[in-house]
file data.txt (compact mmCIF, C-alpha atoms and all ligand atoms)
# COMPACT_ATOMS: atom_id res chain seq x y z
CA MET A 1153 11.26 36.59 84.71
CA TRP A 1154 13.53 39.10 86.39
CA VAL A 1155 12.63 40.25 89.92
CA GLU A 1156 14.49 42.92 91.93
CA ARG A 1157 14.24 44.18 95.50
CA GLU A 1158 16.32 46.52 97.67
CA VAL A 1159 16.77 46.92 101.43
CA PHE A 1160 18.86 49.10 103.71
CA VAL A 1161 20.96 46.86 105.95
CA MET A 1162 24.44 46.95 107.56
CA GLY A 1163 24.49 50.70 107.01
CA THR A 1164 24.15 50.49 103.23
CA THR A 1165 21.83 49.33 100.45
CA LEU A 1166 21.60 45.75 99.31
CA ARG A 1167 20.01 45.25 95.91
CA ILE A 1168 19.19 41.73 94.74
CA GLY A 1169 17.91 40.74 91.31
CA VAL A 1170 17.03 37.16 90.46
CA ARG A 1171 15.75 35.22 87.47
CA ALA A 1172 12.83 33.09 88.65
CA PRO A 1173 9.96 31.10 87.11
CA SER A 1174 7.41 33.48 88.64
CA ARG A 1175 7.27 36.79 90.50
CA ALA A 1176 6.15 35.02 93.68
CA GLU A 1177 9.10 32.61 93.61
CA GLY A 1178 11.54 35.39 92.86
CA VAL A 1179 10.26 37.57 95.70
CA GLY A 1180 10.27 34.56 98.05
CA ALA A 1181 13.89 33.75 97.25
CA ILE A 1182 14.96 37.38 97.70
CA GLN A 1183 13.18 37.53 101.07
CA GLU A 1184 15.13 34.44 102.15
CA ALA A 1185 18.37 36.11 101.06
CA PHE A 1186 17.48 39.29 103.00
CA HIS A 1187 16.79 37.11 106.00
CA ALA A 1188 20.23 35.48 105.69
CA VAL A 1189 21.85 38.91 105.53
CA ARG A 1190 20.00 40.09 108.64
CA ARG A 1191 21.18 36.98 110.40
CA ALA A 1192 24.78 37.72 109.36
CA ASP A 1193 24.26 41.22 110.76
CA SER A 1194 23.04 39.75 114.05
CA LEU A 1195 26.32 37.86 114.29
CA LEU A 1196 28.70 40.50 112.98
CA SER A 1197 27.45 44.02 113.59
CA THR A 1198 29.62 46.22 115.79
CA TRP A 1199 26.98 48.96 115.52
CA ARG A 1200 24.44 47.19 117.72
CA GLU A 1201 24.76 45.81 121.24
CA ASP A 1202 22.95 42.53 120.74
CA SER A 1203 25.15 40.94 118.06
CA GLU A 1204 27.41 38.00 118.88
CA ILE A 1205 30.55 39.95 118.03
CA ALA A 1206 29.42 42.84 120.25
CA ARG A 1207 29.02 40.37 123.09
CA LEU A 1208 32.61 39.22 122.59
CA ASN A 1209 33.91 42.77 122.16
CA ARG A 1210 32.56 43.95 125.50
CA ALA A 1211 33.40 40.77 127.45
CA PRO A 1212 35.77 41.15 130.39
CA VAL A 1213 39.40 40.13 129.97
CA GLY A 1214 40.04 36.46 130.67
CA ARG A 1215 36.45 35.27 130.36
CA PRO A 1216 35.88 32.83 127.48
CA VAL A 1217 32.91 33.69 125.25
CA ALA A 1218 31.38 30.71 123.45
CA LEU A 1219 30.39 31.70 119.90
CA PRO A 1220 28.08 30.12 117.32
CA LEU A 1221 30.22 27.67 115.39
CA GLU A 1222 29.95 29.51 112.06
CA LEU A 1223 31.18 32.74 113.65
CA TYR A 1224 33.99 30.94 115.45
CA ARG A 1225 35.13 29.33 112.19
CA LEU A 1226 34.95 32.66 110.40
CA LEU A 1227 37.17 34.30 113.02
CA ARG A 1228 39.64 31.42 112.71
CA ASP A 1229 39.73 31.94 108.94
CA LEU A 1230 40.31 35.65 109.44
CA GLU A 1231 43.24 34.92 111.69
CA ARG A 1232 44.74 32.82 108.92
CA TRP A 1233 44.20 35.56 106.31
CA SER A 1234 45.79 38.01 108.67
CA ARG A 1235 48.93 35.86 108.67
CA GLU A 1236 48.80 35.21 104.92
CA THR A 1237 48.74 38.93 104.21
CA GLY A 1238 51.64 39.61 106.56
CA GLY A 1239 49.33 41.36 109.01
CA ALA A 1240 47.99 43.86 106.43
CA PHE A 1241 44.53 42.52 107.17
CA ASP A 1242 43.75 42.37 110.87
CA PRO A 1243 40.21 42.78 112.16
CA GLY A 1244 41.58 43.10 115.71
CA ILE A 1245 42.31 46.77 114.99
CA GLY A 1246 39.52 48.08 117.27
CA ALA A 1247 41.86 49.93 119.67
CA LEU A 1248 43.42 51.73 116.69
CA VAL A 1249 40.00 52.74 115.34
CA ASP A 1250 39.40 54.29 118.78
CA ALA A 1251 42.80 56.01 118.91
CA TRP A 1252 42.10 57.81 115.61
CA ASP A 1253 38.40 58.19 116.49
CA LEU A 1254 37.52 56.91 113.03
CA ARG A 1255 33.93 56.31 114.08
CA GLY A 1256 33.60 59.84 115.37
CA ARG A 1257 35.04 63.09 114.03
CA GLY A 1258 38.61 61.82 113.90
CA ARG A 1259 41.61 62.85 115.99
CA ILE A 1260 45.37 62.63 115.74
CA PRO A 1261 46.79 60.48 118.57
CA SER A 1262 50.15 61.35 120.13
CA ARG A 1263 53.06 58.97 119.55
CA ILE A 1264 52.55 57.53 123.02
CA GLU A 1265 48.81 57.08 122.53
CA LEU A 1266 49.44 55.36 119.22
CA ALA A 1267 52.03 53.02 120.75
CA GLU A 1268 49.57 52.15 123.52
CA ALA A 1269 46.77 51.53 121.06
CA ARG A 1270 49.03 49.24 119.04
CA SER A 1271 49.72 47.18 122.15
CA ARG A 1272 45.95 46.67 122.53
CA ALA A 1273 45.23 45.94 118.86
CA GLY A 1274 45.47 42.83 116.72
CA MET A 1275 44.05 39.33 116.60
CA ALA A 1276 46.87 38.27 118.96
CA ARG A 1277 44.87 40.02 121.73
CA PHE A 1278 42.34 37.19 121.46
CA ALA A 1279 42.82 33.56 122.50
CA PHE A 1280 40.98 30.83 120.57
CA ALA A 1281 39.78 27.51 121.99
CA ASP A 1282 38.71 25.14 119.21
CA ARG A 1283 37.04 22.55 121.44
CA SER A 1284 34.56 24.96 123.02
CA HIS A 1285 34.62 27.40 120.05
CA SER A 1286 35.15 30.17 122.52
CA VAL A 1287 37.28 33.27 122.32
CA THR A 1288 38.90 35.08 125.25
CA LYS A 1289 39.96 38.70 125.27
CA ARG A 1290 43.49 39.26 126.50
CA HIS A 1291 43.23 43.02 126.77
CA GLU A 1292 40.46 45.21 128.11
CA ASP A 1293 40.37 47.64 125.15
CA ALA A 1294 40.75 45.05 122.40
CA TRP A 1295 37.83 44.66 120.00
CA ILE A 1296 37.18 43.14 116.59
CA ASP A 1297 36.12 45.42 113.75
CA THR A 1298 34.03 43.51 111.19
CA GLY A 1299 34.03 46.35 108.62
CA ALA A 1300 36.45 44.73 106.19
CA PHE A 1301 34.67 41.39 105.80
CA GLY A 1302 31.09 41.65 107.12
CA LYS A 1303 29.49 42.58 103.80
CA GLY A 1304 31.35 39.79 102.03
CA ALA A 1305 30.28 37.23 104.62
CA ALA A 1306 26.67 38.43 104.33
CA LEU A 1307 26.80 38.13 100.53
CA GLY A 1308 27.99 34.53 100.92
CA ALA A 1309 25.03 33.79 103.18
CA ALA A 1310 22.65 35.45 100.70
CA ARG A 1311 24.03 33.35 97.85
CA THR A 1312 23.49 30.14 99.83
CA ALA A 1313 19.90 31.17 100.55
CA LEU A 1314 19.18 31.91 96.87
CA GLN A 1315 20.71 28.63 95.71
CA ARG A 1316 18.66 26.73 98.25
CA ARG A 1317 15.57 28.23 96.60
CA GLY A 1318 16.74 26.96 93.23
CA ILE A 1319 17.91 30.34 91.86
CA GLU A 1320 20.59 29.93 89.19
CA SER A 1321 20.92 33.47 87.92
CA ALA A 1322 21.15 36.48 90.22
CA PHE A 1323 22.98 39.72 90.69
CA LEU A 1324 23.63 41.21 94.13
CA ASN A 1325 25.04 44.65 94.84
CA PHE A 1326 25.83 45.32 98.47
CA GLY A 1327 27.07 48.88 98.84
CA GLY A 1328 29.46 48.42 95.93
CA GLN A 1329 30.57 44.84 96.47
CA VAL A 1330 28.87 42.69 93.85
CA LEU A 1331 28.14 39.01 93.44
CA ALA A 1332 27.13 37.52 90.11
CA LEU A 1333 25.47 34.15 90.08
CA GLY A 1334 25.16 32.25 86.82
CA ALA A 1335 24.62 34.05 83.53
CA GLY A 1336 23.42 37.62 83.04
CA ARG A 1337 21.73 38.96 79.93
CA GLY A 1338 24.57 37.57 77.84
CA ALA A 1339 26.86 34.83 79.16
CA GLU A 1340 28.20 37.02 81.96
CA TRP A 1341 27.49 40.13 83.96
CA VAL A 1342 29.42 43.24 83.01
CA VAL A 1343 30.32 45.38 85.99
CA PRO A 1344 32.02 48.77 86.12
CA VAL A 1345 35.02 49.33 88.38
CA ALA A 1346 34.90 52.86 89.75
CA HIS A 1347 37.58 55.49 89.30
CA PRO A 1348 39.56 55.44 92.61
CA ALA A 1349 38.85 59.09 93.44
CA ARG A 1350 35.49 59.59 91.72
CA ARG A 1351 33.21 56.75 92.73
CA ASP A 1352 30.45 57.61 90.27
CA GLN A 1353 32.81 57.45 87.31
CA PRO A 1354 33.70 54.03 85.86
CA ALA A 1355 37.40 53.49 85.14
CA MET A 1356 37.20 49.96 83.73
CA ARG A 1357 34.81 47.11 83.21
CA ILE A 1358 34.97 43.47 84.22
CA ARG A 1359 32.69 40.57 83.38
CA LEU A 1360 31.68 38.15 86.09
CA ARG A 1361 30.00 34.81 86.41
CA ASP A 1362 29.80 32.95 89.74
CA ARG A 1363 32.19 35.46 91.23
CA SER A 1364 32.20 38.37 93.64
CA ALA A 1365 34.11 41.62 93.15
CA SER A 1366 35.10 43.88 96.04
CA THR A 1367 36.82 47.25 95.78
CA SER A 1368 38.60 49.10 98.58
CA SER A 1369 39.87 52.66 98.52
CA GLN A 1370 40.61 55.42 100.99
CA SER A 1371 38.69 58.18 99.26
CA GLU A 1372 35.37 56.53 99.93
CA ARG A 1373 35.08 57.19 103.65
CA TYR A 1374 37.21 59.48 105.76
CA VAL A 1375 37.34 61.94 108.66
CA GLU A 1376 39.26 65.22 108.66
CA PRO A 1377 40.66 66.25 112.07
CA GLU A 1378 43.03 69.25 112.12
CA GLY A 1379 42.73 69.46 108.33
CA ARG A 1380 44.38 66.06 107.88
CA ARG A 1381 42.35 63.61 105.84
CA LEU A 1382 42.24 60.16 107.43
CA GLY A 1383 40.77 57.29 105.42
CA HIS A 1384 38.95 54.44 107.16
CA ILE A 1385 41.54 51.77 106.37
CA LEU A 1386 44.44 51.37 108.80
CA ASP A 1387 47.78 49.68 108.41
CA PRO A 1388 47.82 47.37 111.45
CA ARG A 1389 51.62 47.07 111.16
CA THR A 1390 52.20 50.77 111.84
CA GLY A 1391 48.86 51.78 113.34
CA GLU A 1392 48.56 54.61 110.77
CA PRO A 1393 45.81 55.24 108.20
CA VAL A 1394 46.82 54.07 104.72
CA PRO A 1395 47.53 56.92 102.26
CA ALA A 1396 44.95 57.49 99.50
CA TRP A 1397 46.98 56.09 96.60
CA GLY A 1398 44.20 54.45 94.55
CA SER A 1399 42.05 51.36 94.77
CA VAL A 1400 42.23 47.57 94.74
CA THR A 1401 39.54 45.35 93.26
CA VAL A 1402 39.57 41.64 94.03
CA VAL A 1403 37.53 39.05 92.11
CA ALA A 1404 37.02 35.74 93.89
CA GLU A 1405 34.52 32.93 94.12
CA ASP A 1406 34.20 33.47 97.86
CA PRO A 1407 32.76 36.95 98.57
CA THR A 1408 34.27 37.00 102.07
CA LEU A 1409 37.70 36.45 100.59
CA ALA A 1410 37.18 39.17 97.96
CA ASP A 1411 36.23 41.57 100.76
CA ILE A 1412 39.18 40.60 102.97
CA LEU A 1413 41.73 40.80 100.18
CA SER A 1414 40.63 44.12 98.69
CA THR A 1415 41.19 45.71 102.10
CA ALA A 1416 44.46 43.83 102.74
CA LEU A 1417 45.98 44.68 99.36
CA LEU A 1418 45.06 48.35 99.68
CA VAL A 1419 47.07 48.32 102.93
CA LEU A 1420 50.05 46.70 101.21
CA GLY A 1421 50.19 49.46 98.59
CA PRO A 1422 50.34 49.08 94.78
CA GLU A 1423 53.75 47.44 94.42
CA ALA A 1424 53.50 44.95 97.29
CA ALA A 1425 49.89 44.18 96.34
CA LEU A 1426 50.98 43.13 92.85
CA VAL A 1427 53.87 41.08 94.24
CA TRP A 1428 51.41 39.30 96.55
CA ALA A 1429 48.92 38.80 93.72
CA ARG A 1430 51.33 37.26 91.20
CA PRO A 1431 51.45 33.74 92.72
CA HIS A 1432 47.86 34.03 94.02
CA ASP A 1433 46.27 33.80 90.59
CA ASP A 1434 43.24 31.86 91.84
CA VAL A 1435 41.95 35.35 92.64
CA GLY A 1436 41.79 38.31 90.26
CA VAL A 1437 43.53 41.46 91.48
CA LEU A 1438 43.18 44.85 89.80
CA VAL A 1439 45.27 47.74 91.11
CA LEU A 1440 44.27 51.26 90.06
CA GLU A 1441 46.87 53.81 90.99
CA GLU A 1442 46.43 57.55 90.68
CA LEU A 1443 49.53 59.18 89.30
CA GLU A 1444 49.47 62.92 88.46
CA GLY A 1445 45.78 62.89 87.69
CA ARG A 1446 45.98 59.78 85.53
CA VAL A 1447 44.81 56.31 86.53
CA VAL A 1448 47.30 53.54 85.90
CA ALA A 1449 45.83 50.03 85.90
CA ARG A 1450 47.82 46.89 86.63
CA TRP A 1451 46.58 43.38 87.35
CA ASN A 1452 47.60 39.77 87.90
CA HIS A 1453 47.01 36.74 85.68
CA GLY A 1454 43.99 35.79 87.74
CA LEU A 1455 42.16 38.92 86.57
CA SER A 1456 42.70 38.48 82.83
CA PRO A 1457 39.67 36.24 82.16
CA PHE A 1458 37.40 38.91 83.68
CA LEU A 1459 38.69 41.95 81.83
CA VAL A 1460 36.49 43.53 79.19
CA SER A 1461 39.14 44.13 76.55
CA ASP A 1462 38.08 47.59 75.39
CA SER A 1463 38.06 48.91 78.93
CA THR A 1464 41.67 50.02 79.27
CA HIS A 1465 44.82 51.00 77.42
CA ASN A 1466 47.07 49.92 80.25
CA ARG A 1467 49.01 46.71 80.42
CA GLY A 1468 48.73 43.81 82.83
CA GLY A 1469 51.69 42.72 84.92
P1 LIG B 1501 34.07 49.13 102.58
O1 LIG B 1501 33.47 48.91 103.92
O2 LIG B 1501 33.96 50.53 102.13
O3 LIG B 1501 33.64 48.12 101.57
P2 LIG B 1501 36.52 47.71 103.18
O4 LIG B 1501 35.94 46.40 102.84
O5 LIG B 1501 37.87 47.98 102.61
O6 LIG B 1501 35.62 48.94 102.75
O7 LIG B 1501 36.59 47.75 104.77
C1 LIG B 1501 37.06 48.88 105.46
C2 LIG B 1501 36.71 48.74 106.93
O8 LIG B 1501 37.47 47.65 107.49
C3 LIG B 1501 37.06 49.93 107.77
O9 LIG B 1501 36.01 50.84 107.81
C4 LIG B 1501 37.34 49.31 109.12
O10 LIG B 1501 36.11 49.04 109.77
C5 LIG B 1501 37.97 47.98 108.77
N1 LIG B 1501 39.44 48.01 108.62
C6 LIG B 1501 40.24 49.07 108.36
N2 LIG B 1501 41.52 48.70 108.20
C7 LIG B 1501 41.55 47.35 108.35
C8 LIG B 1501 42.58 46.37 108.30
N3 LIG B 1501 43.85 46.71 108.01
N4 LIG B 1501 42.24 45.06 108.52
C9 LIG B 1501 40.97 44.72 108.79
N5 LIG B 1501 39.96 45.59 108.86
C10 LIG B 1501 40.22 46.89 108.62
MG MG B 1502 36.96 44.62 102.58
call {"tool": "encode", "arguments": {"input": "data.txt", "output": "structure tokens", "more": "lines below"}}
Ligand code: ADP
Ligand code: MG
result
Amino acid sequence: MWVEREVFVMGTTLRIGVRAPSRAEGVGAIQEAFHAVRRADSLLSTWREDSEIARLNRAPVGRPVALPLELYRLLRDLERWSRETGGAFDPGIGALVDAWDLRGRGRIPSRIELAEARSRAGMARFAFADRSHSVTKRHEDAWIDTGAFGKGAALGAARTALQRRGIESAFLNFGGQVLALGAGRGAEWVVPVAHPARRDQPAMRIRLRDRSASTSSQSERYVEPEGRRLGHILDPRTGEPVPAWGSVTVVAEDPTLADILSTALLVLGPEAALVWARPHDDVGVLVLEELEGRVVARWNHGLSPFLVSDSTHNRGG
């Protein structure tokens, strides 16, 4: 039987549906998954003071902070993905988030302020010690923003919890990032990909099985200081908010990777994202670009198996 539950966590809704032998087993498995997500939040939230990452973020310069091994390993992985995306993904952007006041009402920093913020931002402002799995801040104002990968990491933890309870078919929707486990009603789950500017309107459809799909765009969340619209995704290479050009959807087995890459490829922009995606066909990449009111869809080879064929008239690349 099919059992579904929803909670509000990490600032958004998480909906989990599972196929289970009985209602009690289904509910039990979902509760375990919720528990795993709350635990991920207690490691990763930058919105509460008592999380592990908050402890690191407010530590004084030069003092090593020992982290739980799983968090340490995750940060190490992120550092690697930062390099592999040419710095387009960099969770060390905290000082830039502050400079643009993206968590407040928004503000436009002066050139000097922006240059200063850049000198305090980036994963290079943190030193890693593998033996003690500790991290040391190198600059007072440096902090790690978990926004681009926290939901993905939590989805991974939820999947592990469900599988441990013997669940083979489940569908998780965490504020728009989805994870499909096993078979849906048919052989796969069919999932809409939103129009880049109008979130409630589907632009295409993909079918998933044992995969996660994450979409990033600038029109989703923004602030508007001095009449200038600033999206919540920054280009760490320039320190500037990325223009609202469209959206990137990434399909991957690992939900953390899908989350990381959708943000990174949005930063790269449509052309560079597709260049990056061509050799990386172990992940599916769908680029939706808004051009004069029309949506142009392009994708890599890795996406083709997931495309629902009637969903677009555009061509892959
Ligand atoms: P959503 O949270 O809407 O799913 P994303 O996964 O794309 O969107 O994450 C965007 C968040 O990631 C931002 O709100 C911010 O916290 C953080 N962020 C913004 N730019 C970057 C970047 N270049 N690298 C890493 N993290 C970023
Ligand atoms: Mg992301």
call {"tool": "closest_residue", "arguments": {"input": "data.txt", "among": "A:Ala1322, A:Val1400, A:Ala1185, A:Ala1192", "to": "ligand LIG 1501 (chain B)", "atoms": "all atoms listed in the file"}}
result
A:Val1400
call {"tool": "closest_atom_pairs", "arguments": {"input": "data.txt", "of": "chain A", "to": "ligand MG 1502 (chain B)", "cutoff": "10 Å", "atoms": "all atoms listed in the file", "output": "Markdown table"}}
result
| residue | atom | partner | partner_atom | distance |
| --- | --- | --- | --- | --- |
| A:Phe1241 | CA | B:MG1502 | MG | 9.1 |
| A:Thr1298 | CA | B:MG1502 | MG | 9.2 |
| A:Gly1299 | CA | B:MG1502 | MG | 6.9 |
| A:Ala1300 | CA | B:MG1502 | MG | 3.6 |
| A:Phe1301 | CA | B:MG1502 | MG | 5.1 |
| A:Gly1302 | CA | B:MG1502 | MG | 8.0 |
| A:Lys1303 | CA | B:MG1502 | MG | 7.8 |
| A:Gly1304 | CA | B:MG1502 | MG | 7.4 |
| A:Gln1329 | CA | B:MG1502 | MG | 8.8 |
| A:Ser1366 | CA | B:MG1502 | MG | 6.8 |
| A:Thr1367 | CA | B:MG1502 | MG | 7.3 |
| A:Ser1368 | CA | B:MG1502 | MG | 6.2 |
| A:Ser1369 | CA | B:MG1502 | MG | 9.5 |
| A:Ile1385 | CA | B:MG1502 | MG | 9.3 |
| A:Val1400 | CA | B:MG1502 | MG | 9.9 |
| A:Thr1401 | CA | B:MG1502 | MG | 9.7 |
| A:Val1402 | CA | B:MG1502 | MG | 9.4 |
| A:Pro1407 | CA | B:MG1502 | MG | 9.6 |
| A:Thr1408 | CA | B:MG1502 | MG | 8.1 |
| A:Leu1409 | CA | B:MG1502 | MG | 8.4 |
| A:Ala1410 | CA | B:MG1502 | MG | 7.1 |
| A:Asp1411 | CA | B:MG1502 | MG | 3.6 |
| A:Ile1412 | CA | B:MG1502 | MG | 4.6 |
| A:Leu1413 | CA | B:MG1502 | MG | 6.6 |
| A:Ser1414 | CA | B:MG1502 | MG | 5.4 |
| A:Thr1415 | CA | B:MG1502 | MG | 4.4 |
| A:Ala1416 | CA | B:MG1502 | MG | 7.5 |
| A:Leu1417 | CA | B:MG1502 | MG | 9.6 |
| A:Leu1418 | CA | B:MG1502 | MG | 9.4 |
call {"tool": "atom_distance", "arguments": {"input": "data.txt", "atom1": "atom N5 of ligand LIG 1501 (chain B)", "atom2": "CA of Asp1297 in chain A"}}
result
6.2 Å
call {"tool": "closest_residue", "arguments": {"input": "data.txt", "among": "A:Val1189, A:Val1394, A:Ala1346, A:Ile1205", "to": "ligand LIG 1501 (chain B)", "atoms": "all atoms listed in the file"}}
result
A:Val1394
call {"tool": "atom_distance", "arguments": {"input": "data.txt", "atom1": "CA of Leu1386 in chain A", "atom2": "atom C9 of ligand LIG 1501 (chain B)"}}
result
7.5 Å
call {"tool": "closest_residue", "arguments": {"input": "data.txt", "among": "A:Trp1233, A:Phe1186, A:Phe1280, A:Phe1160", "to": "ligand LIG 1501 (chain B)", "atoms": "only C-alpha atoms and all ligand atoms"}}
result
A:Trp1233
call {"tool": "closest_residue", "arguments": {"input": "data.txt", "among": "A:Ala1365, A:Ala1281, A:Ala1310, A:Val1448", "to": "Ala1332 in chain A", "atoms": "all atoms listed in the file"}}
result
A:Ala1365
call {"tool": "closest_residue", "arguments": {"input": "data.txt", "among": "A:Leu1331, A:Ile1358, A:Leu1195, A:Met1162", "to": "ligand LIG 1501 (chain B)", "atoms": "all atoms listed in the file"}}
result
A:Met1162
call {"tool": "closest_residue", "arguments": {"input": "data.txt", "among": "A:Arg1311, A:His1291, A:Arg1167, A:Arg1317", "to": "Arg1215 in chain A", "atoms": "only C-alpha atoms"}}
result
A:His1291
call {"tool": "residues_around", "arguments": {"input": "data.txt", "residues": "Leu1223 in chain A", "least_positions_apart": "3", "cutoff": "12 Å", "atoms": "only C-alpha atoms", "output": "number ranges by chain"}}
result
A: 1191-1197, 1203-1205, 1208, 1217-1220, 1226-1230, 1285-1287, 1298, 1302, 1305-1306
call {"tool": "atom_distance", "arguments": {"input": "data.txt", "atom1": "CA of Pro1422 in chain A", "atom2": "CA of Gln1370 in chain A"}}
result
13.2 Å
call {"tool": "build_atoms", "arguments": {"input": "data.txt", "residues": "range 1239-1247 of chain A", "atoms": "all heavy atoms", "output": "PDB file, keeping the file's coordinate frame"}}
result
ATOM      1  N   GLY A1239      49.901  40.447 108.012  1.00  0.00           N
ATOM      2  CA  GLY A1239      49.330  41.360 109.010  1.00  0.00           C
ATOM      3  C   GLY A1239      48.694  42.607 108.404  1.00  0.00           C
ATOM      4  O   GLY A1239      48.232  43.485 109.132  1.00  0.00           O
ATOM      5  N   ALA A1240      48.628  42.688 107.066  1.00  0.00           N
ATOM      6  CA  ALA A1240      47.990  43.860 106.430  1.00  0.00           C
ATOM      7  C   ALA A1240      46.487  43.855 106.704  1.00  0.00           C
ATOM      8  O   ALA A1240      45.870  44.903 106.848  1.00  0.00           O
ATOM      9  CB  ALA A1240      48.228  43.845 104.921  1.00  0.00           C
ATOM     10  N   PHE A1241      45.920  42.657 106.764  1.00  0.00           N
ATOM     11  CA  PHE A1241      44.530  42.520 107.170  1.00  0.00           C
ATOM     12  C   PHE A1241      44.531  42.067 108.621  1.00  0.00           C
ATOM     13  O   PHE A1241      45.200  41.088 108.967  1.00  0.00           O
ATOM     14  CB  PHE A1241      43.837  41.460 106.292  1.00  0.00           C
ATOM     15  CG  PHE A1241      42.456  41.102 106.762  1.00  0.00           C
ATOM     16  CD1 PHE A1241      41.373  41.908 106.469  1.00  0.00           C
ATOM     17  CD2 PHE A1241      42.245  39.951 107.509  1.00  0.00           C
ATOM     18  CE1 PHE A1241      40.100  41.576 106.911  1.00  0.00           C
ATOM     19  CE2 PHE A1241      40.973  39.618 107.953  1.00  0.00           C
ATOM     20  CZ  PHE A1241      39.902  40.432 107.652  1.00  0.00           C
ATOM     21  N   ASP A1242      43.860  42.791 109.481  1.00  0.00           N
ATOM     22  CA  ASP A1242      43.750  42.370 110.870  1.00  0.00           C
ATOM     23  C   ASP A1242      42.521  42.997 111.505  1.00  0.00           C
ATOM     24  O   ASP A1242      42.517  44.179 111.852  1.00  0.00           O
ATOM     25  CB  ASP A1242      45.010  42.765 111.657  1.00  0.00           C
ATOM     26  CG  ASP A1242      45.005  42.129 113.051  1.00  0.00           C
ATOM     27  OD1 ASP A1242      43.904  41.843 113.580  1.00  0.00           O
ATOM     28  OD2 ASP A1242      46.086  41.928 113.609  1.00  0.00           O
ATOM     29  N   PRO A1243      41.446  42.213 111.621  1.00  0.00           N
ATOM     30  CA  PRO A1243      40.210  42.780 112.160  1.00  0.00           C
ATOM     31  C   PRO A1243      40.301  43.116 113.651  1.00  0.00           C
ATOM     32  O   PRO A1243      39.391  43.748 114.183  1.00  0.00           O
ATOM     33  CB  PRO A1243      39.167  41.691 111.910  1.00  0.00           C
ATOM     34  CG  PRO A1243      39.937  40.439 111.708  1.00  0.00           C
ATOM     35  CD  PRO A1243      41.284  40.812 111.202  1.00  0.00           C
ATOM     36  N   GLY A1244      41.412  42.745 114.294  1.00  0.00           N
ATOM     37  CA  GLY A1244      41.580  43.100 115.710  1.00  0.00           C
ATOM     38  C   GLY A1244      42.028  44.534 115.918  1.00  0.00           C
ATOM     39  O   GLY A1244      42.529  44.883 116.991  1.00  0.00           O
ATOM     40  N   ILE A1245      41.813  45.395 114.925  1.00  0.00           N
ATOM     41  CA  ILE A1245      42.310  46.770 114.990  1.00  0.00           C
ATOM     42  C   ILE A1245      41.484  47.720 115.855  1.00  0.00           C
ATOM     43  O   ILE A1245      41.788  48.913 115.908  1.00  0.00           O
ATOM     44  CB  ILE A1245      42.370  47.428 113.577  1.00  0.00           C
ATOM     45  CG1 ILE A1245      41.025  47.236 112.879  1.00  0.00           C
ATOM     46  CG2 ILE A1245      43.537  46.912 112.770  1.00  0.00           C
ATOM     47  CD1 ILE A1245      40.792  48.138 111.720  1.00  0.00           C
ATOM     48  N   GLY A1246      40.436  47.208 116.524  1.00  0.00           N
ATOM     49  CA  GLY A1246      39.520  48.080 117.270  1.00  0.00           C
ATOM     50  C   GLY A1246      40.179  49.211 118.046  1.00  0.00           C
ATOM     51  O   GLY A1246      39.760  50.369 117.938  1.00  0.00           O
ATOM     52  N   ALA A1247      41.219  48.900 118.834  1.00  0.00           N
ATOM     53  CA  ALA A1247      41.860  49.930 119.670  1.00  0.00           C
ATOM     54  C   ALA A1247      42.461  51.047 118.815  1.00  0.00           C
ATOM     55  O   ALA A1247      42.527  52.209 119.244  1.00  0.00           O
ATOM     56  CB  ALA A1247      42.928  49.295 120.554  1.00  0.00           C
TER      57      ALA A1247
END
